[in-house]
Amino acid sequence: MLPPDPAQASGAPAPPAAPPKPLFGGCLSCRFISGTALLLAALWIYQGPRNSMKRGIPPSMGAIAQITFAISESLGRGRGRGG
């Protein structure tokens with residue numbers, strides 16, 4: 001058995017724990033840069049299969065998956081946390 005904690009033995013309440021600091025400080029510019037980068041990455045993924053389809057090449061399953069992923073990423077950005 002462990003000896004009792006001196007702070008608890010005296011009846012003094014424990015100090016409240018500080019809230020955790022968000023990753024990268026949660027600054028607005030960091031959010032803007034990472035959100036813009038995500039949208040540009042989705043656009044980059046979308047343009048590859050789209051250019052090949054413009055040339056008349058039928059899309060493969062991978063190209064359809066890339067386009068679906070890119071569209072879902074660009075549409076999902078405005079919803080925030082929790083959908």
# chains A, B, ... in the order shown; residues from 1 in each chain; ligands from 1
call {"tool": "residues_around", "arguments": {"residues": "Pro59 of chain A", "least_positions_apart": "4", "cutoff": "9 Å", "atoms": "only C-alpha atoms", "output": "PDB file with N, CA, C and O atoms, in the first residue's frame"}}
result
ATOM      1  N   PRO A  49      -6.588  12.296 -63.887  1.00  0.00           N
ATOM      2  CA  PRO A  49      -7.529  11.485 -64.672  1.00  0.00           C
ATOM      3  C   PRO A  49      -8.401  12.324 -65.606  1.00  0.00           C
ATOM      4  O   PRO A  49      -8.772  11.878 -66.686  1.00  0.00           O
ATOM      5  N   ARG A  50      -8.706  13.541 -65.212  1.00  0.00           N
ATOM      6  CA  ARG A  50      -9.555  14.388 -66.053  1.00  0.00           C
ATOM      7  C   ARG A  50      -8.863  14.716 -67.377  1.00  0.00           C
ATOM      8  O   ARG A  50      -9.497  14.718 -68.434  1.00  0.00           O
ATOM      9  N   SER A  52      -6.632  12.887 -68.920  1.00  0.00           N
ATOM     10  CA  SER A  52      -6.606  11.702 -69.781  1.00  0.00           C
ATOM     11  C   SER A  52      -7.983  11.427 -70.397  1.00  0.00           C
ATOM     12  O   SER A  52      -8.079  10.970 -71.529  1.00  0.00           O
ATOM     13  N   MET A  53      -9.045  11.736 -69.657  1.00  0.00           N
ATOM     14  CA  MET A  53     -10.384  11.545 -70.216  1.00  0.00           C
ATOM     15  C   MET A  53     -10.667  12.560 -71.325  1.00  0.00           C
ATOM     16  O   MET A  53     -11.399  12.256 -72.270  1.00  0.00           O
ATOM     17  N   ALA A  63      -8.670   5.793 -61.771  1.00  0.00           N
ATOM     18  CA  ALA A  63      -8.976   7.181 -62.114  1.00  0.00           C
ATOM     19  C   ALA A  63     -10.317   7.602 -61.517  1.00  0.00           C
ATOM     20  O   ALA A  63     -10.456   8.719 -61.005  1.00  0.00           O
ATOM     21  N   ILE A  64     -11.290   6.724 -61.552  1.00  0.00           N
ATOM     22  CA  ILE A  64     -12.593   7.037 -60.958  1.00  0.00           C
ATOM     23  C   ILE A  64     -12.459   7.207 -59.444  1.00  0.00           C
ATOM     24  O   ILE A  64     -13.050   8.125 -58.859  1.00  0.00           O
TER      25      ILE A  64
END
call {"tool": "atom_distance", "arguments": {"atom1": "atom CA of Cys30 of chain A", "atom2": "atom CA of Thr68 of chain A"}}
result
26.7 Å
call {"tool": "atom_distance", "arguments": {"atom1": "atom CA of Leu38 of chain A", "atom2": "atom CA of Ala65 of chain A"}}
result
17.2 Å
